[in-house]
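Structure data follow from entry-v3.json (JSON, C-alpha atoms):
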```
[["chain", "number", "residue", "atom", "x", "y", "z"],
["A", 1, "MET", "CA", 85.03, -33.40, -56.49],
["A", 2, "LYS", "CA", 86.12, -36.67, -54.87],
["A", 3, "ASN", "CA", 89.65, -37.23, -53.61],
["A", 4, "ARG", "CA", 91.96, -39.94, -52.28],
["A", 5, "LEU", "CA", 93.62, -37.79, -49.67],
["A", 6, "LYS", "CA", 92.52, -39.90, -46.71],
["A", 7, "VAL", "CA", 93.77, -43.12, -48.34],
["A", 8, "LEU", "CA", 97.13, -41.62, -49.31],
["A", 9, "ARG", "CA", 97.55, -40.15, -45.84],
["A", 10, "ALA", "CA", 96.66, -43.47, -44.18],
["A", 11, "GLU", "CA", 99.17, -45.33, -46.39],
["A", 12, "ARG", "CA", 101.91, -43.13, -44.97],
["A", 13, "ASP", "CA", 100.56, -43.33, -41.45],
["A", 14, "TRP", "CA", 100.22, -39.56, -41.20],
["A", 15, "THR", "CA", 97.68, -37.78, -39.04],
["A", 16, "GLN", "CA", 95.61, -34.90, -40.39],
["A", 17, "ALA", "CA", 97.82, -32.56, -38.35],
["A", 18, "ASP", "CA", 100.97, -34.04, -39.96],
["A", 19, "LEU", "CA", 99.59, -33.49, -43.44],
["A", 20, "ALA", "CA", 98.39, -30.00, -42.51],
["A", 21, "ASN", "CA", 101.90, -29.11, -41.35],
["A", 22, "LYS", "CA", 103.48, -30.48, -44.52],
["A", 23, "LEU", "CA", 101.09, -28.46, -46.70],
["A", 24, "ASP", "CA", 101.14, -25.35, -44.49],
["A", 25, "VAL", "CA", 97.37, -25.30, -44.00],
["A", 26, "SER", "CA", 95.14, -25.84, -40.98],
["A", 27, "ARG", "CA", 93.96, -29.30, -39.88],
["A", 28, "GLN", "CA", 90.43, -28.01, -40.47],
["A", 29, "THR", "CA", 91.27, -27.58, -44.17],
["A", 30, "ILE", "CA", 92.58, -31.16, -44.48],
["A", 31, "ASN", "CA", 89.50, -32.51, -42.73],
["A", 32, "SER", "CA", 87.15, -30.52, -44.98],
["A", 33, "ILE", "CA", 88.93, -31.70, -48.15],
["A", 34, "GLU", "CA", 88.87, -35.33, -47.00],
["A", 35, "LYS", "CA", 85.15, -35.12, -46.27],
["A", 36, "ASP", "CA", 84.49, -33.51, -49.70],
["A", 37, "LYS", "CA", 83.12, -30.41, -47.99],
["A", 38, "TYR", "CA", 85.72, -28.17, -49.58],
["A", 39, "ASP", "CA", 87.51, -28.27, -52.95],
["A", 40, "PRO", "CA", 91.10, -27.04, -52.68],
["A", 41, "SER", "CA", 92.52, -24.32, -54.90],
["A", 42, "LEU", "CA", 94.61, -25.37, -57.91],
["A", 43, "SER", "CA", 97.84, -24.35, -56.15],
["A", 44, "LEU", "CA", 97.00, -26.44, -53.07],
["A", 45, "ALA", "CA", 95.99, -29.39, -55.28],
["A", 46, "PHE", "CA", 99.38, -29.18, -57.04],
["A", 47, "LYS", "CA", 101.11, -28.99, -53.67],
["A", 48, "VAL", "CA", 99.29, -32.19, -52.61],
["A", 49, "ALA", "CA", 100.27, -33.89, -55.88],
["A", 50, "ARG", "CA", 103.92, -32.92, -55.40],
["A", 51, "LEU", "CA", 103.90, -34.14, -51.79],
["A", 52, "PHE", "CA", 102.45, -37.55, -52.70],
["A", 53, "GLN", "CA", 104.44, -37.66, -55.97],
["A", 54, "GLN", "CA", 101.36, -38.57, -57.96],
["A", 55, "PRO", "CA", 99.54, -36.94, -60.88],
["A", 56, "ILE", "CA", 96.93, -34.47, -59.73],
["A", 57, "GLU", "CA", 94.11, -36.33, -61.55],
["A", 58, "SER", "CA", 94.88, -39.55, -59.66],
["A", 59, "ILE", "CA", 94.30, -37.77, -56.33],
["A", 60, "PHE", "CA", 91.39, -35.49, -57.23],
["A", 61, "ILE", "CA", 88.60, -37.06, -59.28],
["A", 62, "ASP", "CA", 85.97, -34.96, -61.01],
["A", 63, "LYS", "CA", 82.52, -36.43, -60.26],
["A", 64, "GLU", "CA", 81.13, -35.26, -63.60],
["A", 65, "ALA", "CA", 83.95, -36.74, -65.70],
["B", 1, "MET", "CA", 108.05, -26.41, -47.24],
["B", 2, "ASN", "CA", 109.28, -28.49, -44.30],
["B", 3, "GLU", "CA", 107.28, -29.25, -41.16],
["B", 4, "LEU", "CA", 109.24, -26.82, -38.99],
["B", 5, "THR", "CA", 108.47, -23.89, -41.31],
["B", 6, "ALA", "CA", 104.84, -24.96, -41.59],
["B", 7, "SER", "CA", 104.29, -25.10, -37.85],
["B", 8, "THR", "CA", 106.03, -21.72, -37.56],
["B", 9, "SER", "CA", 103.46, -20.35, -40.05],
["B", 10, "GLU", "CA", 100.66, -21.73, -37.88],
["B", 11, "LYS", "CA", 102.17, -20.03, -34.82],
["B", 12, "LYS", "CA", 102.46, -16.77, -36.77],
["B", 13, "ARG", "CA", 98.79, -17.07, -37.79],
["B", 14, "LYS", "CA", 97.76, -17.53, -34.16],
["B", 15, "MET", "CA", 99.99, -14.67, -33.00],
["B", 16, "LYS", "CA", 98.53, -12.30, -35.62],
["B", 17, "SER", "CA", 95.04, -13.38, -34.58],
["B", 18, "VAL", "CA", 95.75, -12.61, -30.91],
["B", 19, "ILE", "CA", 97.30, -9.21, -31.78],
["B", 20, "PHE", "CA", 94.29, -8.35, -33.97],
["B", 21, "VAL", "CA", 91.76, -9.26, -31.26],
["B", 22, "ALA", "CA", 93.75, -7.33, -28.62],
["B", 23, "SER", "CA", 94.07, -4.20, -30.78],
["B", 24, "THR", "CA", 90.36, -4.34, -31.69],
["B", 25, "PHE", "CA", 89.53, -4.58, -27.99],
["B", 26, "ILE", "CA", 91.75, -1.55, -27.19],
["B", 27, "TRP", "CA", 90.16, 0.43, -30.04],
["B", 28, "ILE", "CA", 86.61, -0.34, -28.86],
["B", 29, "ALA", "CA", 87.51, 0.35, -25.20],
["B", 30, "MET", "CA", 89.00, 3.70, -26.20],
["B", 31, "MET", "CA", 85.92, 4.54, -28.28],
["B", 32, "ILE", "CA", 83.64, 3.81, -25.29],
["B", 33, "PHE", "CA", 85.93, 5.84, -22.99],
["B", 34, "ILE", "CA", 85.79, 8.87, -25.33],
["B", 35, "ASP", "CA", 82.02, 8.55, -25.79],
["B", 36, "LYS", "CA", 81.34, 8.36, -22.04],
["B", 37, "GLY", "CA", 83.98, 11.02, -21.36],
["B", 38, "ILE", "CA", 82.21, 13.50, -23.63],
["B", 39, "LEU", "CA", 78.82, 12.55, -22.18],
["B", 40, "TYR", "CA", 79.89, 12.96, -18.54],
["B", 41, "GLY", "CA", 82.34, 15.86, -19.07],
["B", 42, "TRP", "CA", 85.56, 14.06, -18.08],
["B", 43, "PHE", "CA", 87.73, 16.09, -20.46],
["B", 44, "ALA", "CA", 89.12, 19.56, -19.73],
["B", 45, "SER", "CA", 89.04, 21.01, -23.24],
["B", 46, "ASP", "CA", 87.82, 20.50, -26.80],
["B", 47, "MET", "CA", 91.46, 20.15, -27.84],
["B", 48, "GLN", "CA", 91.80, 17.08, -25.61],
["B", 49, "ILE", "CA", 88.62, 15.57, -27.10],
["B", 50, "ASN", "CA", 89.79, 16.23, -30.67],
["B", 51, "LEU", "CA", 93.17, 14.64, -29.96],
["B", 52, "LEU", "CA", 91.56, 11.54, -28.45],
["B", 53, "ILE", "CA", 89.14, 11.20, -31.39],
["B", 54, "ALA", "CA", 92.06, 11.55, -33.84],
["B", 55, "LEU", "CA", 94.03, 8.93, -31.89],
["B", 56, "ASP", "CA", 91.05, 6.56, -31.86],
["B", 57, "THR", "CA", 90.55, 7.03, -35.63],
["B", 58, "ILE", "CA", 94.24, 6.27, -36.28],
["B", 59, "LEU", "CA", 93.96, 3.18, -34.09],
["B", 60, "GLY", "CA", 90.87, 2.13, -36.08],
["B", 61, "ILE", "CA", 92.82, 2.44, -39.33],
["B", 62, "VAL", "CA", 95.64, 0.36, -37.83],
["B", 63, "VAL", "CA", 93.06, -2.32, -36.91],
["B", 64, "ILE", "CA", 91.86, -2.39, -40.56],
["B", 65, "PHE", "CA", 95.40, -3.07, -41.79],
["B", 66, "MET", "CA", 95.91, -5.67, -39.06],
["B", 67, "PHE", "CA", 92.77, -7.46, -40.28],
["B", 68, "ILE", "CA", 94.06, -7.42, -43.88],
["B", 69, "ASN", "CA", 97.38, -8.76, -42.61],
["B", 70, "LEU", "CA", 95.56, -11.47, -40.67],
["B", 71, "LEU", "CA", 93.55, -12.47, -43.77],
["B", 72, "LYS", "CA", 96.80, -12.80, -45.73],
["B", 73, "ALA", "CA", 98.25, -15.07, -43.06],
["B", 74, "MET", "CA", 95.21, -17.39, -43.09],
["B", 75, "ASP", "CA", 95.03, -20.51, -45.21],
["B", 76, "GLU", "CA", 92.54, -20.69, -48.08],
["B", 77, "LEU", "CA", 89.66, -22.31, -46.16],
["B", 78, "GLN", "CA", 89.95, -19.89, -43.24],
["B", 79, "ARG", "CA", 90.01, -17.03, -45.74],
["B", 80, "LYS", "CA", 86.90, -18.41, -47.47],
["B", 81, "ILE", "CA", 85.06, -18.51, -44.12],
["B", 82, "GLN", "CA", 86.04, -14.88, -43.47],
["B", 83, "PHE", "CA", 85.07, -13.70, -46.97],
["B", 84, "ASP", "CA", 81.69, -15.47, -46.77],
["B", 85, "ALA", "CA", 81.08, -13.83, -43.39],
["B", 86, "LEU", "CA", 82.12, -10.39, -44.67],
["B", 87, "ALA", "CA", 79.89, -10.74, -47.76],
["B", 88, "PHE", "CA", 76.93, -11.86, -45.64],
["B", 89, "SER", "CA", 77.34, -9.09, -43.07],
["B", 90, "MET", "CA", 77.88, -6.41, -45.74],
["B", 91, "GLY", "CA", 74.79, -7.53, -47.71],
["B", 92, "THR", "CA", 72.62, -7.72, -44.62],
["B", 93, "THR", "CA", 73.76, -4.28, -43.41],
["B", 94, "PHE", "CA", 73.15, -2.82, -46.87],
["B", 95, "VAL", "CA", 69.57, -4.15, -46.99],
["B", 96, "ALA", "CA", 68.95, -3.22, -43.34],
["B", 97, "SER", "CA", 70.22, 0.35, -43.84],
["B", 98, "ILE", "CA", 67.90, 0.87, -46.85],
["B", 99, "THR", "CA", 64.93, -0.56, -44.93],
["B", 100, "TYR", "CA", 65.87, 1.58, -41.93],
["B", 101, "SER", "CA", 66.12, 4.67, -44.14],
["B", 102, "LEU", "CA", 62.67, 4.00, -45.66],
["B", 103, "LEU", "CA", 61.16, 3.45, -42.20],
["B", 104, "THR", "CA", 62.67, 6.77, -41.07],
["B", 105, "THR", "CA", 61.31, 8.57, -44.16],
["B", 106, "ALA", "CA", 57.88, 7.04, -43.48],
["B", 107, "GLN", "CA", 58.29, 8.23, -39.87],
["B", 108, "ILE", "CA", 57.67, 4.75, -38.53],
["B", 109, "VAL", "CA", 61.11, 4.92, -36.90],
["B", 110, "LYS", "CA", 61.81, 8.34, -35.38],
["B", 111, "ASP", "CA", 65.57, 8.50, -34.86],
["B", 112, "SER", "CA", 67.97, 6.51, -36.99],
["B", 113, "GLU", "CA", 70.98, 5.31, -35.04],
["B", 114, "THR", "CA", 74.20, 4.32, -36.79],
["B", 115, "SER", "CA", 75.06, 2.09, -33.82],
["B", 116, "ASP", "CA", 72.05, -0.14, -34.68],
["B", 117, "LEU", "CA", 73.52, -0.85, -38.12],
["B", 118, "ILE", "CA", 76.96, -1.55, -36.64],
["B", 119, "LEU", "CA", 75.28, -3.97, -34.22],
["B", 120, "ILE", "CA", 73.51, -5.75, -37.10],
["B", 121, "MET", "CA", 76.78, -5.95, -39.03],
["B", 122, "THR", "CA", 78.68, -7.35, -36.03],
["B", 123, "VAL", "CA", 76.03, -9.93, -35.15],
["B", 124, "CYS", "CA", 75.77, -11.10, -38.80],
["B", 125, "TYR", "CA", 79.55, -11.33, -39.15],
["B", 126, "MET", "CA", 79.97, -13.27, -35.89],
["B", 127, "ALA", "CA", 77.06, -15.62, -36.70],
["B", 128, "SER", "CA", 78.43, -16.26, -40.18],
["B", 129, "VAL", "CA", 81.97, -16.98, -38.92],
["B", 130, "ILE", "CA", 80.55, -19.43, -36.35],
["B", 131, "TYR", "CA", 78.41, -21.07, -39.08],
["B", 132, "GLY", "CA", 81.50, -21.41, -41.31],
["B", 133, "GLN", "CA", 83.59, -22.88, -38.50],
["B", 134, "VAL", "CA", 80.88, -25.44, -37.72],
["B", 135, "LYS", "CA", 80.26, -26.26, -41.42],
["B", 136, "TYR", "CA", 83.96, -26.87, -42.14],
["B", 137, "ARG", "CA", 84.81, -28.40, -38.75]]
```
Write the structure described by the file as structure tokens, please.
Amino acid sequence: MKNRLKVLRAERDWTQADLANKLDVSRQTINSIEKDKYDPSLSLAFKVARLFQQPIESIFIDKEA
Amino acid sequence: MNELTASTSEKKRKMKSVIFVASTFIWIAMMIFIDKGILYGWFASDMQINLLIALDTILGIVVIFMFINLLKAMDELQRKIQFDALAFSMGTTFVASITYSLLTTAQIVKDSETSDLILIMTVCYMASVIYGQVKYR
């Protein structure tokens, strides 16, 4: 699964640590999601969508779709 | 959740981690002390030995609950790393114990030692956690 997390974060001038704090996860988790090494759970994906005030499918893109 | 609460959660995670490592260390140190104490006759009576073994067992159970508590405090990626490591170490120990048992039955290995299996489990768990940390760096 691809995602636009890095772009959205950069637009707001947030560091990975800032985003990690806002989502209550570790910086390692943010880094792994941004590098497509790890797909977040549905609840974390919704949390990301709420934080960026965007639909979930505009942030996380299914490669096979 | 605001940033203040989030960073407090991170601090709590680290604190729980430190407490878990410290209690595990105390448990292992106590286990070694009892083992050597029995071996070298440091204890005055069987009652004293039984009490210390009971205390060590209770401490071991506390460590189990501390680990569960620590897992709950982790975020989802950290938990995944831990679960992968636990699955790998459990599987490896399971296979190793069956192989070990067969080797003992075939009398290729003379005395089976439980400590060998614990060592395998620990090494596999540690290696797998390190692998996970490097993979999801």
Q: Would you be able to write out as a PyMOL selection string which residues have an atom within 12 Å of (86.9, 1.5, -29.4) in the file's coordinates, counting all atoms listed in the file?
A: chain B and resi 21-36+52-53+55-61+63
Within 6 Å of chain B, which residues of chain A come that close, and what is the closest atom pair and distance in Å for each? Count all atoms listed in the file and give it as a Markdown table.
```
| residue | atom | partner | partner_atom | distance |
| --- | --- | --- | --- | --- |
| A:Asn21 | CA | B:Ala6 | CA | 5.1 |
| A:Lys22 | CA | B:Glu3 | CA | 5.2 |
| A:Asp24 | CA | B:Ala6 | CA | 4.7 |
| A:Val25 | CA | B:Asp75 | CA | 5.5 |
| A:Gln28 | CA | B:Arg137 | CA | 5.9 |
| A:Thr29 | CA | B:Leu77 | CA | 5.9 |
| A:Ser32 | CA | B:Tyr136 | CA | 5.6 |
```
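A straight line drawn from CA of Met66 in chain B to CA of Val18 in chain B is 10.7 Å long.
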Which residues, written as a PDB file with C-alpha atoms, in the frame of the given file, have at least one atom at most 7 Å from Ala20 in chain A, with all atoms listed in the file counted and residues fewer than 6 positions away on the same chain left out?
```
ATOM      1  CA  SER A  26      95.140 -25.840 -40.980  1.00  0.00           C
ATOM      2  CA  ARG A  27      93.960 -29.300 -39.880  1.00  0.00           C
ATOM      3  CA  ILE A  30      92.580 -31.160 -44.480  1.00  0.00           C
TER       4      ILE A  30
END
```
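Between CA of Thr99 in chain B and CA of Ile118 in chain B the separation is 14.6 Å.
Nearest to Met126 in chain B of all the residues B:Leu102, B:Val109, B:Ala96, B:Asp84 is B:Asp84, based on only C-alpha atoms.
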